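Peer 1: The structure file start02.txt (compact mmCIF, C-alpha atoms (C1' of nucleotides)) is provided below.
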```txt
# COMPACT_ATOMS: atom_id res chain seq x y z
CA MET A 1 -9.18 37.82 -16.87
CA ALA A 2 -7.84 37.57 -20.39
CA GLY A 3 -4.56 36.74 -18.74
CA TRP A 4 -6.21 34.03 -16.76
CA ARG A 5 -7.55 32.38 -19.87
CA ALA A 6 -4.24 32.66 -21.64
CA TYR A 7 -2.65 30.95 -18.68
CA ILE A 8 -5.05 28.02 -18.73
CA GLU A 9 -4.81 27.50 -22.44
CA ALA A 10 -1.05 27.84 -22.70
CA SER A 11 -0.49 25.56 -19.71
CA GLN A 12 -2.71 22.95 -21.24
CA ARG A 13 -0.91 23.13 -24.55
CA LEU A 14 2.44 23.04 -22.84
CA PHE A 15 1.66 20.00 -20.71
CA THR A 16 0.22 18.18 -23.70
CA ARG A 17 3.25 18.95 -25.79
CA LEU A 18 5.75 17.93 -23.15
CA GLU A 19 3.92 14.70 -22.51
CA ASP A 20 3.92 13.89 -26.22
CA ASP A 21 7.65 14.54 -26.46
CA LEU A 22 8.37 12.51 -23.36
CA ARG A 23 6.26 9.59 -24.51
CA ALA A 24 7.81 9.63 -27.95
CA ASP A 25 11.38 9.49 -26.78
CA SER A 26 11.16 7.44 -23.60
CA GLY A 27 7.81 5.69 -23.43
CA LEU A 28 7.14 7.28 -20.06
CA SER A 29 4.11 9.37 -19.20
CA PHE A 30 4.41 12.65 -17.40
CA ALA A 31 3.15 11.00 -14.25
CA ASP A 32 5.66 8.14 -14.55
CA TYR A 33 8.45 10.64 -14.93
CA HIS A 34 7.46 12.66 -11.90
CA VAL A 35 7.14 9.62 -9.73
CA LEU A 36 10.63 8.59 -10.76
CA VAL A 37 12.03 12.06 -10.05
CA LEU A 38 10.48 12.26 -6.61
CA LEU A 39 11.61 8.78 -5.64
CA SER A 40 15.12 9.34 -6.94
CA GLU A 41 15.47 12.40 -4.72
CA ALA A 42 13.97 10.85 -1.61
CA PRO A 43 16.16 9.41 1.14
CA GLY A 44 16.43 5.66 0.54
CA GLN A 45 14.79 6.32 -2.83
CA ARG A 46 11.48 5.48 -1.25
CA LEU A 47 8.34 7.37 -0.25
CA ARG A 48 5.13 6.67 1.57
CA MET A 49 2.11 6.49 -0.69
CA GLY A 50 0.46 9.42 1.02
CA GLU A 51 3.51 11.62 0.74
CA LEU A 52 3.86 10.80 -2.93
CA ALA A 53 0.20 11.43 -3.64
CA ASP A 54 0.44 14.75 -1.90
CA ARG A 55 3.46 15.93 -3.84
CA LEU A 56 2.05 14.81 -7.16
CA VAL A 57 -1.34 16.34 -6.35
CA PHE A 58 -2.91 12.94 -7.06
CA SER A 59 -5.88 11.40 -5.30
CA PRO A 60 -4.91 8.38 -3.21
CA SER A 61 -6.67 5.93 -5.46
CA ARG A 62 -5.14 7.44 -8.54
CA LEU A 63 -1.73 6.94 -7.01
CA THR A 64 -2.49 3.33 -6.16
CA TYR A 65 -3.33 2.75 -9.80
CA GLN A 66 -0.30 4.66 -11.07
CA ILE A 67 2.10 2.76 -8.85
CA SER A 68 0.68 -0.64 -9.64
CA SER A 69 1.09 0.12 -13.30
CA MET A 70 4.70 1.16 -12.74
CA ARG A 71 5.29 -1.95 -10.66
CA ARG A 72 4.07 -4.15 -13.50
CA ARG A 73 6.61 -2.44 -15.71
CA GLY A 74 9.37 -2.94 -13.15
CA LEU A 75 10.00 0.76 -12.53
CA VAL A 76 9.19 0.67 -8.83
CA ALA A 77 8.72 -1.90 -6.10
CA ARG A 78 6.48 -1.83 -3.07
CA GLU A 79 7.26 -2.49 0.55
CA SER A 80 5.11 -2.21 3.59
CA CYS A 81 6.20 0.40 6.02
CA PRO A 82 7.88 -0.99 9.15
CA GLN A 83 6.93 1.92 11.47
CA ASP A 84 3.30 2.05 10.56
CA ARG A 85 1.78 -1.14 9.36
CA ARG A 86 -1.18 0.61 7.80
CA GLY A 87 1.26 2.24 5.43
CA SER A 88 3.05 1.25 2.31
CA GLU A 89 6.05 2.60 0.43
CA ALA A 90 7.01 2.86 -3.20
CA VAL A 91 10.69 2.17 -3.82
CA LEU A 92 12.71 3.04 -6.90
CA THR A 93 14.19 0.00 -8.68
CA ALA A 94 17.43 -0.12 -10.65
CA ALA A 95 15.35 -0.29 -13.82
CA GLY A 96 13.39 2.74 -12.70
CA LEU A 97 16.52 4.75 -12.06
CA LEU A 98 17.88 3.73 -15.43
CA ALA A 99 14.68 4.75 -17.17
CA LEU A 100 14.84 8.13 -15.47
CA ARG A 101 18.47 8.64 -16.46
CA GLU A 102 17.64 7.86 -20.04
CA ALA A 103 14.57 10.06 -20.17
CA ALA A 104 15.84 13.09 -18.29
CA PRO A 105 18.12 14.78 -20.84
CA GLY A 106 15.49 14.67 -23.56
CA HIS A 107 12.80 15.88 -21.24
CA LEU A 108 14.86 18.76 -19.94
CA ALA A 109 15.69 19.74 -23.48
CA SER A 110 12.00 19.67 -24.28
CA VAL A 111 11.13 21.89 -21.33
CA ARG A 112 13.83 24.28 -22.40
CA ARG A 113 12.75 24.29 -25.99
CA HIS A 114 9.05 24.78 -25.38
CA LEU A 115 9.14 27.01 -22.33
CA VAL A 116 12.39 28.38 -21.02
CA ASP A 117 13.87 29.53 -24.32
CA ASP A 118 10.83 31.68 -24.78
CA LEU A 119 11.44 33.61 -21.57
CA ASP A 120 13.97 36.20 -20.54
CA ASP A 121 15.74 36.08 -17.19
CA ASP A 122 13.35 38.42 -15.44
CA GLU A 123 10.40 36.41 -16.59
CA VAL A 124 11.93 33.19 -15.36
CA ALA A 125 12.61 34.82 -12.02
CA THR A 126 9.08 36.16 -11.75
CA LEU A 127 7.44 32.87 -12.69
CA THR A 128 9.59 30.96 -10.25
CA ARG A 129 8.82 33.35 -7.45
CA VAL A 130 5.11 33.55 -8.18
CA PHE A 131 4.49 29.84 -8.48
CA ALA A 132 6.59 28.96 -5.47
CA ARG A 133 4.58 31.42 -3.40
CA LEU A 134 1.29 30.27 -4.88
CA GLY A 135 2.11 26.63 -4.20
CA ARG A 136 2.93 27.42 -0.59
CA ARG A 137 -0.28 29.32 -0.17
CA LEU A 138 -2.46 26.66 -1.70
CA ARG A 139 -0.85 23.97 0.43
CA ALA A 140 -1.40 26.10 3.48
CA ASP A 141 -5.05 26.74 2.59
CA ARG A 142 -5.68 23.07 2.19
CA ASP A 143 -3.99 22.23 5.50
CA ALA A 144 -6.03 24.91 7.21
CA SER A 145 -9.31 23.64 5.83
CA SER A 146 -8.60 20.07 6.93
CA THR A 147 -7.85 21.31 10.46
CA PRO A 148 -11.01 23.14 11.50
CA SER A 149 -9.49 23.84 14.91
CA GLU A 150 -8.11 26.99 13.27
CA MET B 1 14.23 23.69 -13.07
CA ALA B 2 13.01 24.16 -9.53
CA GLY B 3 10.83 26.87 -10.95
CA TRP B 4 9.48 24.46 -13.48
CA ARG B 5 8.42 22.03 -10.81
CA ALA B 6 6.87 24.74 -8.71
CA TYR B 7 4.89 25.79 -11.75
CA ILE B 8 3.52 22.30 -12.38
CA GLU B 9 2.60 21.69 -8.78
CA ALA B 10 1.03 25.06 -8.13
CA SER B 11 -0.93 24.93 -11.37
CA GLN B 12 -2.24 21.53 -10.50
CA ARG B 13 -3.28 22.66 -7.05
CA LEU B 14 -4.84 25.78 -8.43
CA PHE B 15 -6.90 23.99 -11.07
CA THR B 16 -8.04 21.41 -8.56
CA ARG B 17 -9.07 24.06 -6.09
CA LEU B 18 -10.93 26.16 -8.63
CA GLU B 19 -12.77 23.15 -9.94
CA ASP B 20 -13.82 22.17 -6.43
CA ASP B 21 -15.13 25.67 -5.73
CA LEU B 22 -16.94 25.81 -9.03
CA ARG B 23 -18.54 22.40 -8.56
CA ALA B 24 -19.58 23.22 -5.04
CA ASP B 25 -21.36 26.42 -5.88
CA SER B 26 -22.73 25.77 -9.35
CA GLY B 27 -22.56 22.05 -10.10
CA LEU B 28 -20.54 22.78 -13.24
CA SER B 29 -17.17 21.30 -14.03
CA PHE B 30 -14.30 23.41 -15.25
CA ALA B 31 -14.84 22.02 -18.73
CA ASP B 32 -18.57 22.80 -18.65
CA TYR B 33 -17.82 26.34 -17.62
CA HIS B 34 -15.29 26.91 -20.36
CA VAL B 35 -17.58 25.54 -23.02
CA LEU B 36 -20.28 27.92 -21.84
CA VAL B 37 -17.91 30.88 -21.85
CA LEU B 38 -16.65 30.17 -25.34
CA LEU B 39 -20.12 29.66 -26.74
CA SER B 40 -21.48 32.76 -25.05
CA GLU B 41 -18.80 34.87 -26.71
CA ALA B 42 -19.12 33.34 -30.14
CA PRO B 43 -21.19 34.98 -32.88
CA GLY B 44 -24.62 33.36 -32.85
CA GLN B 45 -23.55 31.68 -29.59
CA ARG B 46 -22.51 28.67 -31.59
CA LEU B 47 -19.23 27.04 -32.57
CA ARG B 48 -18.09 24.21 -34.77
CA MET B 49 -16.99 21.15 -32.85
CA GLY B 50 -13.48 21.40 -34.22
CA GLU B 51 -13.09 25.03 -33.30
CA LEU B 52 -14.31 24.37 -29.80
CA ALA B 53 -12.03 21.37 -29.36
CA ASP B 54 -9.11 23.44 -30.50
CA ARG B 55 -9.74 26.30 -28.13
CA LEU B 56 -10.33 24.01 -25.19
CA VAL B 57 -7.27 21.92 -26.07
CA PHE B 58 -9.52 18.84 -26.06
CA SER B 59 -9.24 15.81 -28.30
CA PRO B 60 -12.14 15.51 -30.74
CA SER B 61 -13.61 12.49 -29.03
CA ARG B 62 -13.32 14.08 -25.64
CA LEU B 63 -15.28 17.03 -26.93
CA THR B 64 -17.95 14.77 -28.42
CA TYR B 65 -18.39 13.21 -25.01
CA GLN B 66 -18.34 16.54 -23.19
CA ILE B 67 -20.96 18.06 -25.46
CA SER B 68 -23.28 15.08 -25.33
CA SER B 69 -23.15 15.23 -21.57
CA MET B 70 -23.98 18.93 -21.63
CA ARG B 71 -26.75 18.29 -24.11
CA ARG B 72 -28.33 15.75 -21.80
CA ARG B 73 -28.31 18.40 -19.11
CA GLY B 74 -29.87 20.95 -21.45
CA LEU B 75 -26.92 23.35 -21.40
CA VAL B 76 -26.25 23.20 -25.13
CA ALA B 77 -27.97 21.99 -28.26
CA ARG B 78 -26.51 20.61 -31.44
CA GLU B 79 -27.16 21.54 -35.02
CA SER B 80 -25.60 20.31 -38.16
CA CYS B 81 -23.65 22.89 -40.02
CA PRO B 82 -25.36 24.19 -43.17
CA GLN B 83 -22.16 25.12 -45.04
CA ASP B 84 -20.34 21.86 -44.46
CA ARG B 85 -22.47 18.84 -43.97
CA ARG B 86 -19.68 16.87 -42.39
CA GLY B 87 -19.69 19.37 -39.60
CA SER B 88 -21.71 19.97 -36.55
CA GLU B 89 -22.18 22.90 -34.22
CA ALA B 90 -22.76 23.26 -30.51
CA VAL B 91 -25.23 26.01 -29.65
CA LEU B 92 -25.76 27.66 -26.31
CA THR B 93 -29.27 27.23 -24.91
CA ALA B 94 -31.16 29.65 -22.69
CA ALA B 95 -30.57 27.28 -19.79
CA GLY B 96 -26.87 27.19 -20.61
CA LEU B 97 -26.63 30.95 -20.61
CA LEU B 98 -28.49 31.12 -17.34
CA ALA B 99 -26.19 28.55 -15.77
CA LEU B 100 -23.20 30.57 -16.89
CA ARG B 101 -24.64 33.80 -15.51
CA GLU B 102 -25.23 32.14 -12.18
CA ALA B 103 -21.83 30.53 -11.98
CA ALA B 104 -19.65 33.35 -13.23
CA PRO B 105 -19.55 35.73 -10.25
CA GLY B 106 -18.59 32.98 -7.84
CA HIS B 107 -16.01 31.58 -10.17
CA LEU B 108 -14.41 34.94 -10.81
CA ALA B 109 -14.30 35.56 -7.10
CA SER B 110 -12.61 32.21 -6.65
CA VAL B 111 -9.98 32.99 -9.28
CA ARG B 112 -9.35 36.29 -7.61
CA ARG B 113 -9.14 34.79 -4.17
CA HIS B 114 -6.84 31.92 -5.03
CA LEU B 115 -4.68 33.54 -7.67
CA VAL B 116 -4.98 37.21 -8.46
CA ASP B 117 -5.01 38.53 -4.89
CA ASP B 118 -1.68 36.85 -4.38
CA LEU B 119 -0.03 38.80 -7.18
CA ASP B 120 1.06 42.40 -7.54
CA ASP B 121 0.39 44.40 -10.69
CA ASP B 122 3.76 43.72 -12.26
CA GLU B 123 3.36 40.03 -11.71
CA VAL B 124 -0.07 40.02 -13.29
CA ALA B 125 1.33 41.91 -16.26
CA THR B 126 4.25 39.51 -16.63
CA LEU B 127 2.13 36.40 -16.38
CA THR B 128 -0.36 37.72 -18.89
CA ARG B 129 2.35 38.63 -21.34
CA VAL B 130 4.28 35.39 -20.91
CA PHE B 131 1.34 33.05 -21.28
CA ALA B 132 -0.17 34.93 -24.18
CA ARG B 133 3.14 34.70 -26.00
CA LEU B 134 3.62 31.06 -25.04
CA GLY B 135 0.14 30.14 -26.22
CA ARG B 136 0.76 31.81 -29.56
CA ARG B 137 4.02 30.00 -29.96
CA LEU B 138 2.65 26.60 -29.08
CA ARG B 139 -0.27 27.07 -31.46
CA ALA B 140 2.13 28.09 -34.18
CA ASP B 141 4.39 25.09 -33.55
CA ARG B 142 1.49 22.76 -33.79
CA ASP B 143 0.25 24.31 -37.01
CA ALA B 144 3.72 24.11 -38.46
CA SER B 145 4.11 20.44 -37.59
CA SER B 146 0.77 19.53 -39.16
CA THR B 147 1.83 21.33 -42.36
CA PRO B 148 5.15 19.72 -43.27
CA SER B 149 5.39 21.93 -46.38
CA GLU B 150 7.06 24.32 -43.88
C1' DT C 1 -7.87 -3.42 27.71
C1' DA C 2 -12.09 -2.52 25.33
C1' DG C 3 -14.20 0.74 22.73
C1' DC C 4 -13.98 4.44 19.61
C1' DA C 5 -12.48 7.85 16.50
C1' DC C 6 -9.26 8.62 13.27
C1' DT C 7 -5.60 7.66 9.54
C1' DC C 8 -3.54 5.15 5.52
C1' DT C 9 -4.39 2.69 1.68
C1' DT C 10 -6.95 -0.30 -1.42
C1' DT C 11 -11.13 -1.88 -3.91
C1' DG C 12 -15.11 -1.98 -7.09
C1' DA C 13 -18.18 0.45 -9.86
C1' DA C 14 -19.18 4.43 -12.48
C1' DA C 15 -17.56 8.33 -15.12
C1' DT C 16 -14.20 10.15 -18.12
C1' DT C 17 -10.48 10.10 -21.50
C1' DT C 18 -7.73 8.02 -25.02
C1' DC C 19 -6.90 5.43 -29.06
C1' DA C 20 -7.71 3.25 -33.29
C1' DA C 21 -11.06 2.59 -36.68
C1' DC C 22 -14.94 4.25 -39.34
C1' DA C 23 -18.62 6.89 -41.88
C1' DA C 24 -19.72 10.75 -44.35
C1' DT C 25 -18.38 14.71 -46.91
C1' DG C 26 -15.54 17.86 -49.17
C1' DT C 27 -11.51 18.98 -52.55
C1' DC C 28 -8.46 18.43 -56.14
C1' DC C 29 -7.01 17.00 -60.36
C1' DC C 30 -7.32 14.58 -64.36
C1' DG D 1 -17.68 12.95 -63.97
C1' DG D 2 -14.69 9.96 -61.31
C1' DG D 3 -11.15 8.75 -58.33
C1' DA D 4 -7.74 9.54 -54.92
C1' DC D 5 -7.04 11.83 -50.91
C1' DA D 6 -7.85 15.04 -47.00
C1' DT D 7 -11.11 16.69 -43.34
C1' DT D 8 -14.86 16.49 -39.79
C1' DG D 9 -16.79 14.22 -36.37
C1' DT D 10 -18.44 9.87 -34.10
C1' DT D 11 -18.00 5.20 -32.15
C1' DG D 12 -16.51 1.10 -29.40
C1' DA D 13 -13.13 -0.82 -26.59
C1' DA D 14 -9.46 -0.17 -23.50
C1' DA D 15 -7.08 2.68 -20.17
C1' DT D 16 -7.41 6.00 -16.65
C1' DT D 17 -9.58 8.70 -13.01
C1' DT D 18 -13.04 9.56 -9.56
C1' DC D 19 -16.06 8.41 -5.92
C1' DA D 20 -17.90 6.03 -2.06
C1' DA D 21 -17.11 2.41 0.93
C1' DA D 22 -14.35 -0.97 3.17
C1' DG D 23 -10.11 -3.17 5.46
C1' DA D 24 -6.56 -2.78 8.51
C1' DG D 25 -3.98 -0.27 12.06
C1' DT D 26 -3.02 3.30 15.41
C1' DG D 27 -3.88 5.71 19.60
C1' DC D 28 -6.58 7.84 23.00
C1' DT D 29 -9.79 7.44 26.87
C1' DA D 30 -11.99 5.52 30.27
```
How would this structure read if it were set down as structure tokens?

Peer 2:
Amino acid sequence: MAGWRAYIEASQRLFTRLEDDLRADSGLSFADYHVLVLLSEAPGQRLRMGELADRLVFSPSRLTYQISSMRRRGLVARESCPQDRRGSEAVLTAAGLLALREAAPGHLASVRRHLVDDLDDDEVATLTRVFARLGRRLRADRDASSTPSE
Amino acid sequence: MAGWRAYIEASQRLFTRLEDDLRADSGLSFADYHVLVLLSEAPGQRLRMGELADRLVFSPSRLTYQISSMRRRGLVARESCPQDRRGSEAVLTAAGLLALREAAPGHLASVRRHLVDDLDDDEVATLTRVFARLGRRLRADRDASSTPSE
DNA sequence: TAGCACTCTTTGAAATTTCAACAATGTCCC
DNA sequence: GGGACATTGTTGAAATTTCAAAGAGTGCTA
């Protein structure tokens, strides 16, 4: 349980620190950055709102707010989804891609400096394995609980 | 870097899930719970606002808000600090201690269920070691940067 | 093809968090 | 003793996040 508390505290400090660095050298928030990363990797550089919310672990309304803020700043655009007219997509703009390209090197350096450099190879491997597994399990739990048929 | 993203996502899911469990079975938020834990362990069951903010990784104004909310609910009381009249302390109340005692078993079970049970002993040891070290380093970095004299 | 149950997303109001002052002490140094 | 300056914590306004409810669409069933 001491380990558990160390994990919470260190994670909190780490996220805070990375966000400060990112903000200082690119003006983007952590959330902005992650939206840009996910969109840049998506086919057509676009994603449904629901899909994006899910991957960011954001509530739907939080994502609506986040995306409208990014739209005001020109980082993304919105289009309604042709297949399902209830739906809506966020699309990466040229300005958004540029902002990501400019922010990425500094951010990666910051992650390396504050986290990765502190770890040896085994530790990196263990963390990667553990969190990948944990993420899968938590996603699965959530899916199971929203589908009471099993 | 894939590991990094897995870490962010899984942590986010984990915190969300634990907070939901905690709220559902005790009515406390994650922040409430941590305040209660820290106070219950402190000598005299009281802590200076600054000390508490630091350990929670909260901004000072966020802590002011958090504590006044808990005070309204009777979980803590406030006293001004005798040694330093600028300062102020949060003190655990009997009701606060009771709330913690009632919430703790369920919360610990939830941590075990969602996190610890998924890990083997080596993994637990590695995570504990890594995050303890990381926390120390991030605290040290911050102290260093607020003391430019080196 | 009307009705109904469900899904995807947004909205408005309330709660929380941040951010930039500010008030009140404390500390240092002359 | 008196300033200048640093520290501790709060406040008010703005930004963000949550929460409950609503709007709009889809799809199944009869």

Peer 1: Point out the residue among D:DC28, D:DT18, D:DT7, D:DG12 with the least atom-to-atom distance to chain A, counting only C-alpha atoms (C1' of nucleotides).

Peer 2: D:DT18

Peer 1: Since chain A and chain B share a sequence, can you fit the second onto the first over all C-alpha atoms in order and output it as an mmCIF file with C-alpha atoms, keeping the file's coordinate frame?

Peer 2:
```cif
data_model
loop_
_atom_site.group_PDB
_atom_site.id
_atom_site.type_symbol
_atom_site.label_atom_id
_atom_site.label_comp_id
_atom_site.auth_asym_id
_atom_site.auth_seq_id
_atom_site.Cartn_x
_atom_site.Cartn_y
_atom_site.Cartn_z
ATOM 1 C CA MET B 1 -9.201 37.835 -16.827
ATOM 2 C CA ALA B 2 -7.863 37.565 -20.345
ATOM 3 C CA GLY B 3 -4.577 36.742 -18.721
ATOM 4 C CA TRP B 4 -6.233 34.026 -16.744
ATOM 5 C CA ARG B 5 -7.564 32.378 -19.854
ATOM 6 C CA ALA B 6 -4.260 32.659 -21.631
ATOM 7 C CA TYR B 7 -2.660 30.961 -18.660
ATOM 8 C CA ILE B 8 -5.064 28.016 -18.724
ATOM 9 C CA GLU B 9 -4.802 27.503 -22.445
ATOM 10 C CA ALA B 10 -1.052 27.850 -22.694
ATOM 11 C CA SER B 11 -0.502 25.577 -19.713
ATOM 12 C CA GLN B 12 -2.718 22.965 -21.231
ATOM 13 C CA ARG B 13 -0.905 23.151 -24.539
ATOM 14 C CA LEU B 14 2.434 23.065 -22.831
ATOM 15 C CA PHE B 15 1.653 20.012 -20.713
ATOM 16 C CA THR B 16 0.216 18.198 -23.697
ATOM 17 C CA ARG B 17 3.247 18.959 -25.799
ATOM 18 C CA LEU B 18 5.743 17.944 -23.141
ATOM 19 C CA GLU B 19 3.923 14.713 -22.504
ATOM 20 C CA ASP B 20 3.920 13.896 -26.208
ATOM 21 C CA ASP B 21 7.659 14.538 -26.461
ATOM 22 C CA LEU B 22 8.363 12.514 -23.364
ATOM 23 C CA ARG B 23 6.245 9.583 -24.517
ATOM 24 C CA ALA B 24 7.795 9.632 -27.943
ATOM 25 C CA ASP B 25 11.362 9.480 -26.774
ATOM 26 C CA SER B 26 11.151 7.434 -23.595
ATOM 27 C CA GLY B 27 7.778 5.693 -23.434
ATOM 28 C CA LEU B 28 7.121 7.289 -20.043
ATOM 29 C CA SER B 29 4.107 9.376 -19.188
ATOM 30 C CA PHE B 30 4.405 12.668 -17.386
ATOM 31 C CA ALA B 31 3.144 10.987 -14.237
ATOM 32 C CA ASP B 32 5.663 8.143 -14.539
ATOM 33 C CA TYR B 33 8.453 10.639 -14.919
ATOM 34 C CA HIS B 34 7.444 12.663 -11.899
ATOM 35 C CA VAL B 35 7.138 9.608 -9.716
ATOM 36 C CA LEU B 36 10.637 8.590 -10.749
ATOM 37 C CA VAL B 37 12.030 12.047 -10.047
ATOM 38 C CA LEU B 38 10.470 12.245 -6.612
ATOM 39 C CA LEU B 39 11.607 8.777 -5.641
ATOM 40 C CA SER B 40 15.117 9.343 -6.935
ATOM 41 C CA GLU B 41 15.467 12.401 -4.718
ATOM 42 C CA ALA B 42 13.981 10.851 -1.620
ATOM 43 C CA PRO B 43 16.163 9.404 1.141
ATOM 44 C CA GLY B 44 16.454 5.671 0.534
ATOM 45 C CA GLN B 45 14.778 6.316 -2.838
ATOM 46 C CA ARG B 46 11.474 5.467 -1.254
ATOM 47 C CA LEU B 47 8.357 7.375 -0.245
ATOM 48 C CA ARG B 48 5.141 6.666 1.573
ATOM 49 C CA MET B 49 2.131 6.469 -0.698
ATOM 50 C CA GLY B 50 0.490 9.407 1.015
ATOM 51 C CA GLU B 51 3.525 11.616 0.725
ATOM 52 C CA LEU B 52 3.882 10.803 -2.934
ATOM 53 C CA ALA B 53 0.204 11.420 -3.631
ATOM 54 C CA ASP B 54 0.451 14.749 -1.910
ATOM 55 C CA ARG B 55 3.457 15.941 -3.843
ATOM 56 C CA LEU B 56 2.041 14.809 -7.151
ATOM 57 C CA VAL B 57 -1.357 16.323 -6.334
ATOM 58 C CA PHE B 58 -2.913 12.914 -7.044
ATOM 59 C CA SER B 59 -5.882 11.359 -5.298
ATOM 60 C CA PRO B 60 -4.941 8.319 -3.218
ATOM 61 C CA SER B 61 -6.670 5.884 -5.516
ATOM 62 C CA ARG B 62 -5.121 7.429 -8.568
ATOM 63 C CA LEU B 63 -1.723 6.931 -7.013
ATOM 64 C CA THR B 64 -2.503 3.309 -6.157
ATOM 65 C CA TYR B 65 -3.318 2.729 -9.798
ATOM 66 C CA GLN B 66 -0.291 4.644 -11.052
ATOM 67 C CA ILE B 67 2.103 2.739 -8.823
ATOM 68 C CA SER B 68 0.679 -0.664 -9.641
ATOM 69 C CA SER B 69 1.096 0.117 -13.300
ATOM 70 C CA MET B 70 4.701 1.148 -12.730
ATOM 71 C CA ARG B 71 5.280 -1.947 -10.652
ATOM 72 C CA ARG B 72 4.076 -4.154 -13.474
ATOM 73 C CA ARG B 73 6.610 -2.450 -15.694
ATOM 74 C CA GLY B 74 9.366 -2.959 -13.134
ATOM 75 C CA LEU B 75 9.995 0.742 -12.527
ATOM 76 C CA VAL B 76 9.187 0.658 -8.822
ATOM 77 C CA ALA B 77 8.694 -1.903 -6.098
ATOM 78 C CA ARG B 78 6.484 -1.802 -3.057
ATOM 79 C CA GLU B 79 7.275 -2.491 0.550
ATOM 80 C CA SER B 80 5.149 -2.225 3.585
ATOM 81 C CA CYS B 81 6.247 0.393 6.006
ATOM 82 C CA PRO B 82 7.920 -0.969 9.149
ATOM 83 C CA GLN B 83 6.974 1.945 11.433
ATOM 84 C CA ASP B 84 3.311 2.062 10.514
ATOM 85 C CA ARG B 85 1.792 -1.139 9.353
ATOM 86 C CA ARG B 86 -1.139 0.590 7.747
ATOM 87 C CA GLY B 87 1.290 2.213 5.401
ATOM 88 C CA SER B 88 3.089 1.235 2.311
ATOM 89 C CA GLU B 89 6.073 2.592 0.443
ATOM 90 C CA ALA B 90 7.017 2.851 -3.200
ATOM 91 C CA VAL B 91 10.693 2.158 -3.837
ATOM 92 C CA LEU B 92 12.694 3.014 -6.907
ATOM 93 C CA THR B 93 14.182 -0.005 -8.678
ATOM 94 C CA ALA B 94 17.414 -0.137 -10.651
ATOM 95 C CA ALA B 95 15.343 -0.292 -13.824
ATOM 96 C CA GLY B 96 13.367 2.737 -12.687
ATOM 97 C CA LEU B 97 16.502 4.732 -12.067
ATOM 98 C CA LEU B 98 17.870 3.723 -15.427
ATOM 99 C CA ALA B 99 14.660 4.741 -17.165
ATOM 100 C CA LEU B 100 14.831 8.110 -15.464
ATOM 101 C CA ARG B 101 18.464 8.619 -16.440
ATOM 102 C CA GLU B 102 17.629 7.849 -20.032
ATOM 103 C CA ALA B 103 14.580 10.057 -20.169
ATOM 104 C CA ALA B 104 15.830 13.086 -18.288
ATOM 105 C CA PRO B 105 18.118 14.777 -20.829
ATOM 106 C CA GLY B 106 15.491 14.684 -23.546
ATOM 107 C CA HIS B 107 12.791 15.880 -21.238
ATOM 108 C CA LEU B 108 14.851 18.760 -19.926
ATOM 109 C CA ALA B 109 15.680 19.740 -23.463
ATOM 110 C CA SER B 110 11.991 19.681 -24.281
ATOM 111 C CA VAL B 111 11.124 21.910 -21.327
ATOM 112 C CA ARG B 112 13.826 24.289 -22.385
ATOM 113 C CA ARG B 113 12.746 24.305 -25.985
ATOM 114 C CA HIS B 114 9.049 24.794 -25.382
ATOM 115 C CA LEU B 115 9.140 27.013 -22.328
ATOM 116 C CA VAL B 116 12.390 28.373 -20.996
ATOM 117 C CA ASP B 117 13.880 29.542 -24.298
ATOM 118 C CA ASP B 118 10.834 31.706 -24.756
ATOM 119 C CA LEU B 119 11.447 33.615 -21.540
ATOM 120 C CA ASP B 120 13.992 36.213 -20.512
ATOM 121 C CA ASP B 121 15.758 36.083 -17.160
ATOM 122 C CA ASP B 122 13.363 38.426 -15.411
ATOM 123 C CA GLU B 123 10.419 36.413 -16.576
ATOM 124 C CA VAL B 124 11.952 33.189 -15.344
ATOM 125 C CA ALA B 125 12.620 34.827 -11.994
ATOM 126 C CA THR B 126 9.071 36.154 -11.740
ATOM 127 C CA LEU B 127 7.447 32.881 -12.678
ATOM 128 C CA THR B 128 9.581 30.955 -10.233
ATOM 129 C CA ARG B 129 8.805 33.343 -7.428
ATOM 130 C CA VAL B 130 5.091 33.541 -8.187
ATOM 131 C CA PHE B 131 4.480 29.826 -8.469
ATOM 132 C CA ALA B 132 6.580 28.952 -5.460
ATOM 133 C CA ARG B 133 4.580 31.417 -3.400
ATOM 134 C CA LEU B 134 1.284 30.255 -4.878
ATOM 135 C CA GLY B 135 2.092 26.619 -4.189
ATOM 136 C CA ARG B 136 2.919 27.418 -0.582
ATOM 137 C CA ARG B 137 -0.290 29.315 -0.174
ATOM 138 C CA LEU B 138 -2.475 26.653 -1.707
ATOM 139 C CA ARG B 139 -0.852 23.972 0.435
ATOM 140 C CA ALA B 140 -1.406 26.101 3.494
ATOM 141 C CA ASP B 141 -5.056 26.730 2.608
ATOM 142 C CA ARG B 142 -5.666 23.075 2.203
ATOM 143 C CA ASP B 143 -4.015 22.227 5.499
ATOM 144 C CA ALA B 144 -6.032 24.904 7.216
ATOM 145 C CA SER B 145 -9.319 23.635 5.813
ATOM 146 C CA SER B 146 -8.608 20.063 6.900
ATOM 147 C CA THR B 147 -7.871 21.327 10.430
ATOM 148 C CA PRO B 148 -10.985 23.290 11.378
ATOM 149 C CA SER B 149 -9.481 24.054 14.808
ATOM 150 C CA GLU B 150 -8.002 27.033 12.887
#
```

Peer 1: Only residues of chain A matter here; which ones have an atom within 10 Å of chain C, counting all atoms listed in the file? Give them as number ranges by chain.

Peer 2: A: 48-50, 60-61, 64-65, 84-88

Peer 1: Could you give me, as a ChimeraX atom specification, the residues within 12 Å of Asp54 in chain A, counting only C-alpha atoms (C1' of nucleotides) and dropping anything in the same chain fewer than 6 positions from it?

Peer 2: /A:35,38,47-48,60-63,139,142-143 /B:9,12-13
